[in-house]
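Enquirer: Mind looking over this structure? Questions follow.
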Amino acid sequence: MSKVKPDWNPKLWLRILLPTVLVIVWFAIAGLGGPTFGKISEVSTNDQAGFLPASAQSTAVNDLASGFSDSTNIPAAVVIEADSGTVAEGDKAAFADLATTMKDAAGVAPTVEGEIPSVLGPTYSEDGAAVQYLVFFEASGEELLTDITSFRELVKADTPSGYTAYVAGPAGLLADFVNGFGGIDGILLLVALLAVFVILLIVYRSILLPVLVLLTAVFALSGSILGIYYLALNDIIKVSGQSQGILSILVIGAATDYALLMVSRYREALFEVQSKWAAIGRAFRGAFEPIFASAATVILALLCLLFSDLNSNKALGPIAAFGIGFAFLAAVTFLPALLMIFGRGAFWPFLPKFGKKKVEAVSENTVPGLEGVRGIWKRVGNLIARRPRVTWVVTLVVLLAAVAGLPGLKASGVPQTDLLLGSNIESVDGQTVLGDHFPAGAGSPAVIIADEATYEDVMTATEGFEGVSTVEVQADLDATKKAVEDKIAQIQADAVAAAAAAGPGAGGFPPAGAAPAAAAPVDFANLSLEDLGLKTIPKVVDGKVLINATFSYQADSPEAEALVKQMRIDLAEVDPSVLVGGETAIALDTNETAQADLVKIVPIVLLVILVILMLLLRSIVAPLILIGTVVVSFAATMGVSALVFNNVFHFPGADASVPLFGFVFLVALGIDYNIFLMTRVREEALGIGTRPGILKGLAVTGSVITSAGVVLAATFAALGVIPLLFLVQLAFIVSFGVILDTVLVRSLLVPALAYDIGPKIWWPSKLGREVASK
């Protein structure tokens, strides 16, 4: 039997000072952190290339390509389609004027001497039904969204009637992504907090308590946002719209879970002791260990993402772990301070009165461990006590049946244009129109870096690939221009010499005493290098040449990715040092790295959680069982998700990072509920034995864990309001998985399996031997 620690009853001055100081500190944190909610987007980036691993070919190409141009401009593809028929000859002058108007638009990069012009076009399609421009923008993030929005209005206003204009390409797509993430600071938080408030209102039937819990969650988020903002501002971490949204939901969900456990232990203590100070002392002692173990588990599981080769995953790990740390601190400092201040009044109008807890009368048929238990948890406890093996076997069969859908999960990546959900998305619609009239990869070419000695052979080999429309070497504009001028001057000199050799009257020879004719001005628009018998002079940087290959496939399509794979293999035979990058290669490398991360990180996360559970429960058997049940729960969740994604929502597939994020969140958060359950079971087992302790632990934690699960599921479901495929899928996976874990795994599978095993579940600890002897 363990010693009962005396109730905490501090001196009067400490009762007033301690909660006051804690509340003041947290209000100061919230006061500083609140304003950063609107500023976090200033330090966010949604550029996919910035999150690639250093080992990827596309990363190496990006680094080398920067030597060919100082520009970091982002191209937009403007495509204008005739509503019927073809582009009228009379409208071509207006399209030429439109190019001039585009150059002066806000955000459009200025043309630098010797660099690619800021606006290329107009270029007319072979079918004559569309016109295209490439326009380069300077900004990114929120500023790019502002520039693209005004640019779209300008293009539509200046496009002749009878045509429909679209602004697509990388800049248009990125702007639409930024717009999609725009709901994170407002709508997402509002929906999540509203859902939590309603659920807490129903569970506790109290007006004030939900406010206190939500304040805890919001203040935890404010503190974490404040820290992350300054870390990102100083380039210590990278923040994206994706990680920002996940952080908000994760902190609110985790802080609410921890708060509910603390509130539950406090309410339980208020029925047992008169003093609210003694009650908070009991609640803190009972809740601190499982909350700490839960937070440590989630933090360490998230930090396992640092082993990822994908920089976006590496960035999310510390960001989310930082948020969980603040959720823990708020739950064990700020919330207890609020509860000390409000006391029983926090539960108004249903106050927990000392000695007035409603309990079920004990009879001779009452199963040990269920004394005083009422309602659904008494029925669940009776089921487990009478038929433990049947209960866990049937539950396991149900979960394994759900696992059968897992092979249908298509998580090898999807085109970027499919990541944006909804209709009338201009960048998506524009890309479709572009592909109807021009090479679909226009504006997003593959970028090839080759040796100067072999670049012509590489270009020839590239032209031979099916799916490659055009191949162009990046020119040394100054050198090429000078070669053209020299050639024209040579032609003119040859013409003068030929006329002079022919003599007077032969035509073209100037009269005696007349000045020689001046060379005609060079008109580059009416000359081609082929006409002059010249080739483009490539720009050479450190012995390397850059080649652009435009595909006839959409840049983010599976066909384009397959072509990049084949090019990397075949071109290496021409030039072993050749590198293939560009938008398509970035998507390909991201997907392949994400899939490799899943295989590498899953065992690491499981091992870390297993070690934590062993230290917490002082057992080997119990942690192995808990890990096994959570893995089965995750597999079942992904199986059901595959069926829903394919047959209900008809999604085109899933981002390659979805399974990894789903695993980390579900396993880390799912193990929380088992920690809450099994730490209480162990506590009860010390006094009444393992099997009664399992039933008692299940009964006293049943309501709070179920409530926490519902709250967390509702919180993650709020991610579904952001119209991005990745977040919608993650919302479903975590929400459904948490409910499945709460209802089946924690309520039936784990307690029934533990009850069937009995005291041996604590092997090899002393607890198992002591309980077994009772």
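For the structure tokens, the naming scheme is as follows: chains receive sequential letters (A, B, ...) according to their order of presentation, residues are indexed from 1 within each chain, and ligands are indexed from 1 in presentation order.
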Quick one: everything within 12 Å of Ile694 of chain A, counting only C-alpha atoms, minus sequence neighbours fewer than 4 positions away in the same chain. Send it as an MDAnalysis selection string.
Expert: chainID A and resid 367:370 380:382 384:385 388 674 677:690 698:702 746:748 750:759 761
Enquirer: For the selection you just gave me, I'd like the residues written to a file as a CSV table (one decimal), in the first residue's frame, keeping C-alpha atoms.
Expert:
```csv
chain,number,residue,atom,x,y,z
A,367,VAL,CA,-18.0,-6.5,-9.7
A,368,PRO,CA,-14.9,-5.6,-7.7
A,369,GLY,CA,-13.6,-2.3,-9.0
A,370,LEU,CA,-17.1,-1.0,-10.1
A,380,VAL,CA,-18.8,-1.5,-20.1
A,381,GLY,CA,-17.0,-2.6,-17.0
A,382,ASN,CA,-19.4,-5.5,-16.5
A,384,ILE,CA,-15.1,-6.6,-19.7
A,385,ALA,CA,-15.2,-8.4,-16.4
A,388,PRO,CA,-12.8,-10.1,-21.4
A,674,ASN,CA,-3.7,5.0,-23.0
A,677,LEU,CA,-6.0,5.3,-18.6
A,678,MET,CA,-3.0,3.1,-17.6
A,679,THR,CA,-1.5,5.5,-15.2
A,680,ARG,CA,-4.8,5.7,-13.4
A,681,VAL,CA,-5.1,1.9,-13.6
A,682,ARG,CA,-1.7,1.5,-12.0
A,683,GLU,CA,-2.6,4.0,-9.3
A,684,GLU,CA,-5.7,2.0,-8.5
A,685,ALA,CA,-4.0,-1.4,-8.8
A,686,LEU,CA,-1.6,-0.4,-6.0
A,687,GLY,CA,-4.5,-0.4,-3.6
A,688,ILE,CA,-7.1,-2.9,-4.9
A,689,GLY,CA,-5.3,-5.2,-7.3
A,690,THR,CA,-4.8,-5.3,-11.1
A,698,LEU,CA,-11.6,2.7,-16.8
A,699,ALA,CA,-14.7,4.0,-15.0
A,700,VAL,CA,-13.1,7.1,-13.5
A,701,THR,CA,-11.3,8.1,-16.7
A,702,GLY,CA,-14.0,7.0,-19.1
A,746,ARG,CA,-9.1,2.6,-25.2
A,747,SER,CA,-12.6,1.7,-24.0
A,748,LEU,CA,-12.7,-2.0,-25.0
A,750,VAL,CA,-6.9,-2.3,-24.1
A,751,PRO,CA,-8.9,-2.8,-20.8
A,752,ALA,CA,-10.3,-6.2,-21.9
A,753,LEU,CA,-6.9,-7.4,-23.0
A,754,ALA,CA,-5.3,-6.2,-19.8
A,755,TYR,CA,-8.0,-7.7,-17.7
A,756,ASP,CA,-7.6,-11.1,-19.5
A,757,ILE,CA,-3.8,-11.0,-18.9
A,758,GLY,CA,-4.2,-9.9,-15.3
A,759,PRO,CA,-1.3,-9.1,-13.0
A,761,ILE,CA,0.7,-7.2,-17.5
```
Enquirer: Show which residues sit within 7 Å of Leu209 of chain A, as a PyMOL selection string. Count only C-alpha atoms, and ignore same-chain residues fewer than 3 positions away.
Expert: chain A and resi 206+212-213+346-347
Enquirer: Output N, CA and C atoms for every residue in the selection just made, as a PDB file, in the first residue's frame.
Expert:
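Output file again_27.pdb is given in full below:
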```pdb
ATOM      1  N   SER A 206     -21.569  23.751 -17.765  1.00  0.00           N
ATOM      2  CA  SER A 206     -21.107  24.926 -17.041  1.00  0.00           C
ATOM      3  C   SER A 206     -20.799  26.028 -18.039  1.00  0.00           C
ATOM      4  N   LEU A 212     -12.633  28.983 -19.200  1.00  0.00           N
ATOM      5  CA  LEU A 212     -11.328  28.814 -18.568  1.00  0.00           C
ATOM      6  C   LEU A 212     -10.450  27.854 -19.364  1.00  0.00           C
ATOM      7  N   VAL A 213     -11.057  26.768 -19.856  1.00  0.00           N
ATOM      8  CA  VAL A 213     -10.299  25.791 -20.648  1.00  0.00           C
ATOM      9  C   VAL A 213      -9.848  26.411 -21.972  1.00  0.00           C
ATOM     10  N   ALA A 346     -16.205  27.600 -10.622  1.00  0.00           N
ATOM     11  CA  ALA A 346     -15.875  27.323 -12.016  1.00  0.00           C
ATOM     12  C   ALA A 346     -16.881  26.371 -12.649  1.00  0.00           C
ATOM     13  N   PHE A 347     -17.574  25.564 -11.795  1.00  0.00           N
ATOM     14  CA  PHE A 347     -18.503  24.559 -12.318  1.00  0.00           C
ATOM     15  C   PHE A 347     -19.958  25.027 -12.265  1.00  0.00           C
TER      16      PHE A 347
END
```
Enquirer: Got a sec: who's within 12 Å of segment 460-469 of chain A, counting only C-alpha atoms, leaving out chain neighbours fewer than 2 positions off, as a PyMOL selection string?
Expert: chain A and resi 438-442+445-448+450+454-458+471-473+547-555+557+559-575+578+580
Enquirer: Given the choices A:Gly227, A:Pro75, A:Gly662, A:Gly720, which gets closest to Phe181 of chain A if the distance is worked out from only C-alpha atoms?
Expert: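 So, comparing all the options, the nearest one is A:Gly720.
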Enquirer: So what do you get for atom CA of Gly435 of chain A versus atom CA of Thr164 of chain A, distance-wise?
Expert: 15.1 Å
Enquirer: At what distance in Å, to one decimal, does atom CA of Val167 of chain A lie from atom CA of Asn62 of chain A?
Expert: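 The value is 24.3 Å.
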Enquirer: If we count only C-alpha atoms and set the cut-off at 9 Å, which residues sit around Phe354 of chain A, ignoring sequence neighbours fewer than 6 positions away in its own chain? Please answer as an MDAnalysis selection string.
Expert: chainID A and resid 269:275
Enquirer: What are the closest atom pairs, with distances in Å to one decimal, for all residues of segment 253-280 of chain A lying within 8 Å of segment 309-332 of chain A? Consider only C-alpha atoms, order rows by chain and residue number, and present the result as CSV.
Expert:
```
residue,atom,partner,partner_atom,distance
A:Ala254,CA,A:Ala327,CA,6.4
A:Ala255,CA,A:Ala327,CA,4.5
A:Tyr258,CA,A:Ala331,CA,5.9
A:Ala259,CA,A:Ala331,CA,5.3
A:Met262,CA,A:Ala331,CA,7.5
```
Enquirer: So that I can check the surroundings of Val155 of chain A, please list as a PDB file with all heavy atoms, in the first residue's frame every protein, DNA and RNA residue that reaches within 9 Å of it, counting only C-alpha atoms and ignoring chain neighbours fewer than 6 positions away.
Expert:
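Result went into around.pdb, see below:
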```
ATOM      1  N   VAL A  78       0.240  33.781 -68.440  1.00  0.00           N
ATOM      2  CA  VAL A  78      -1.033  34.420 -68.775  1.00  0.00           C
ATOM      3  C   VAL A  78      -1.510  33.817 -70.091  1.00  0.00           C
ATOM      4  O   VAL A  78      -0.803  33.890 -71.105  1.00  0.00           O
ATOM      5  CB  VAL A  78      -0.877  35.945 -68.920  1.00  0.00           C
ATOM      6  CG1 VAL A  78      -2.217  36.590 -69.271  1.00  0.00           C
ATOM      7  CG2 VAL A  78      -0.311  36.544 -67.637  1.00  0.00           C
ATOM      8  N   LEU A  98      -1.072  45.148 -74.624  1.00  0.00           N
ATOM      9  CA  LEU A  98      -1.263  44.534 -73.306  1.00  0.00           C
ATOM     10  C   LEU A  98       0.080  44.122 -72.691  1.00  0.00           C
ATOM     11  O   LEU A  98       0.275  44.232 -71.474  1.00  0.00           O
ATOM     12  CB  LEU A  98      -2.188  43.312 -73.420  1.00  0.00           C
ATOM     13  CG  LEU A  98      -2.503  42.563 -72.122  1.00  0.00           C
ATOM     14  CD1 LEU A  98      -3.136  43.501 -71.088  1.00  0.00           C
ATOM     15  CD2 LEU A  98      -3.446  41.389 -72.407  1.00  0.00           C
ATOM     16  N   THR A 101       1.462  47.100 -71.088  1.00  0.00           N
ATOM     17  CA  THR A 101       0.725  47.401 -69.855  1.00  0.00           C
ATOM     18  C   THR A 101       1.165  46.485 -68.720  1.00  0.00           C
ATOM     19  O   THR A 101       1.318  46.910 -67.571  1.00  0.00           O
ATOM     20  CB  THR A 101      -0.789  47.233 -70.096  1.00  0.00           C
ATOM     21  OG1 THR A 101      -1.188  48.081 -71.175  1.00  0.00           O
ATOM     22  CG2 THR A 101      -1.582  47.574 -68.849  1.00  0.00           C
ATOM     23  N   MET A 102       1.395  45.204 -69.033  1.00  0.00           N
ATOM     24  CA  MET A 102       1.819  44.237 -68.018  1.00  0.00           C
ATOM     25  C   MET A 102       3.157  44.619 -67.404  1.00  0.00           C
ATOM     26  O   MET A 102       3.384  44.443 -66.204  1.00  0.00           O
ATOM     27  CB  MET A 102       1.929  42.842 -68.644  1.00  0.00           C
ATOM     28  CG  MET A 102       0.621  42.198 -69.016  1.00  0.00           C
ATOM     29  SD  MET A 102       0.918  40.594 -69.810  1.00  0.00           S
ATOM     30  CE  MET A 102      -0.762  40.072 -70.152  1.00  0.00           C
ATOM     31  N   ALA A 165      -9.453  35.577 -70.039  1.00  0.00           N
ATOM     32  CA  ALA A 165      -8.050  35.599 -69.601  1.00  0.00           C
ATOM     33  C   ALA A 165      -7.874  34.834 -68.291  1.00  0.00           C
ATOM     34  O   ALA A 165      -8.748  34.867 -67.411  1.00  0.00           O
ATOM     35  CB  ALA A 165      -7.572  37.042 -69.437  1.00  0.00           C
ATOM     36  N   TYR A 166      -6.732  34.167 -68.163  1.00  0.00           N
ATOM     37  CA  TYR A 166      -6.371  33.440 -66.944  1.00  0.00           C
ATOM     38  C   TYR A 166      -4.915  33.762 -66.589  1.00  0.00           C
ATOM     39  O   TYR A 166      -4.061  33.843 -67.475  1.00  0.00           O
ATOM     40  CB  TYR A 166      -6.485  31.925 -67.134  1.00  0.00           C
ATOM     41  CG  TYR A 166      -7.831  31.435 -67.615  1.00  0.00           C
ATOM     42  CD1 TYR A 166      -8.120  31.382 -68.985  1.00  0.00           C
ATOM     43  CD2 TYR A 166      -8.809  31.026 -66.722  1.00  0.00           C
ATOM     44  CE1 TYR A 166      -9.342  30.927 -69.447  1.00  0.00           C
ATOM     45  CE2 TYR A 166     -10.040  30.560 -67.165  1.00  0.00           C
ATOM     46  CZ  TYR A 166     -10.303  30.519 -68.528  1.00  0.00           C
ATOM     47  OH  TYR A 166     -11.517  30.057 -68.980  1.00  0.00           O
ATOM     48  N   VAL A 167      -4.640  33.907 -65.296  1.00  0.00           N
ATOM     49  CA  VAL A 167      -3.267  34.054 -64.806  1.00  0.00           C
ATOM     50  C   VAL A 167      -2.940  32.786 -64.027  1.00  0.00           C
ATOM     51  O   VAL A 167      -3.473  32.550 -62.950  1.00  0.00           O
ATOM     52  CB  VAL A 167      -3.101  35.296 -63.921  1.00  0.00           C
ATOM     53  CG1 VAL A 167      -1.666  35.378 -63.391  1.00  0.00           C
ATOM     54  CG2 VAL A 167      -3.445  36.557 -64.714  1.00  0.00           C
TER      55      VAL A 167
END
```
Enquirer: Could you check how far atom CA of Thr216 of chain A sits from atom CA of Tyr229 of chain A, in Å to one decimal?
Expert: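 Between atom CA of Thr216 of chain A and atom CA of Tyr229 of chain A the gap is 19.9 Å.
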Enquirer: I'd like the contact shell of segment 169-174 of chain A - 6 Å cut-off, only C-alpha atoms, skipping same-chain residues fewer than 4 positions apart - returned as a list of chain:residue names.
Expert: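 Listing them by chain and then by number gives A:Ile74, A:Pro75, A:Ala76, A:Ala77, A:Ser427.
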Enquirer: Output as a VMD selection string all residues of segment 133-381 of chain A that backbone DSSP marks as alpha helix (DSSP H).
Expert: chain A and resid 141 to 158 169 to 181 189 to 204 208 to 233 241 to 272 276 to 303 311 to 329 335 to 342 376 to 381
Enquirer: With only C-alpha atoms as the counted atoms, please give the residues lying no more than 7 Å from segment 420-424 of chain A, apart from itself and same-chain residues fewer than 5 positions off, as number ranges by chain.
Expert: A: 429, 723-725
Enquirer: Going by DSSP on the backbone, which bits of segment 233-481 of chain A are strand (DSSP E)? Write them as a list in words, please.
Expert: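 Restricting segment 233-481 of chain A to strand (DSSP E) produces Ala446, Val447, Ile448, Ile449, Ala450, Asp451, Val468, Ser469, Thr470, Val471, Glu472 and Val473 of chain A.
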Enquirer: Please dump the current selection as a PDB file, in the first residue's frame; keep N, CA and C atoms.
Expert:
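Generated file (part_14.pdb):
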```pdb
ATOM      1  N   ALA A 446      11.551  21.877 -67.494  1.00  0.00           N
ATOM      2  CA  ALA A 446      12.589  21.135 -66.792  1.00  0.00           C
ATOM      3  C   ALA A 446      13.909  21.880 -66.981  1.00  0.00           C
ATOM      4  N   VAL A 447      14.694  21.947 -65.928  1.00  0.00           N
ATOM      5  CA  VAL A 447      15.965  22.673 -65.973  1.00  0.00           C
ATOM      6  C   VAL A 447      17.095  21.653 -65.908  1.00  0.00           C
ATOM      7  N   ILE A 448      17.940  21.674 -66.938  1.00  0.00           N
ATOM      8  CA  ILE A 448      19.024  20.700 -67.044  1.00  0.00           C
ATOM      9  C   ILE A 448      20.353  21.430 -66.925  1.00  0.00           C
ATOM     10  N   ILE A 449      21.206  20.940 -66.059  1.00  0.00           N
ATOM     11  CA  ILE A 449      22.561  21.492 -65.918  1.00  0.00           C
ATOM     12  C   ILE A 449      23.534  20.474 -66.504  1.00  0.00           C
ATOM     13  N   ALA A 450      24.288  20.884 -67.545  1.00  0.00           N
ATOM     14  CA  ALA A 450      25.224  19.984 -68.229  1.00  0.00           C
ATOM     15  C   ALA A 450      26.598  20.632 -68.336  1.00  0.00           C
ATOM     16  N   ASP A 451      27.610  19.823 -68.597  1.00  0.00           N
ATOM     17  CA  ASP A 451      28.959  20.345 -68.819  1.00  0.00           C
ATOM     18  C   ASP A 451      29.015  21.099 -70.140  1.00  0.00           C
ATOM     19  N   VAL A 468       8.831  15.891 -74.941  1.00  0.00           N
ATOM     20  CA  VAL A 468       9.588  17.146 -74.898  1.00  0.00           C
ATOM     21  C   VAL A 468       9.226  17.971 -76.124  1.00  0.00           C
ATOM     22  N   SER A 469       8.724  19.184 -75.908  1.00  0.00           N
ATOM     23  CA  SER A 469       8.280  20.032 -77.024  1.00  0.00           C
ATOM     24  C   SER A 469       9.404  20.901 -77.573  1.00  0.00           C
ATOM     25  N   THR A 470      10.084  21.600 -76.669  1.00  0.00           N
ATOM     26  CA  THR A 470      11.174  22.481 -77.112  1.00  0.00           C
ATOM     27  C   THR A 470      12.349  22.356 -76.146  1.00  0.00           C
ATOM     28  N   VAL A 471      13.539  22.581 -76.697  1.00  0.00           N
ATOM     29  CA  VAL A 471      14.765  22.553 -75.896  1.00  0.00           C
ATOM     30  C   VAL A 471      15.567  23.801 -76.236  1.00  0.00           C
ATOM     31  N   GLU A 472      15.900  24.584 -75.205  1.00  0.00           N
ATOM     32  CA  GLU A 472      16.644  25.825 -75.437  1.00  0.00           C
ATOM     33  C   GLU A 472      17.753  25.951 -74.397  1.00  0.00           C
ATOM     34  N   VAL A 473      18.915  26.375 -74.867  1.00  0.00           N
ATOM     35  CA  VAL A 473      20.005  26.642 -73.944  1.00  0.00           C
ATOM     36  C   VAL A 473      19.887  28.084 -73.473  1.00  0.00           C
TER      37      VAL A 473
END
```
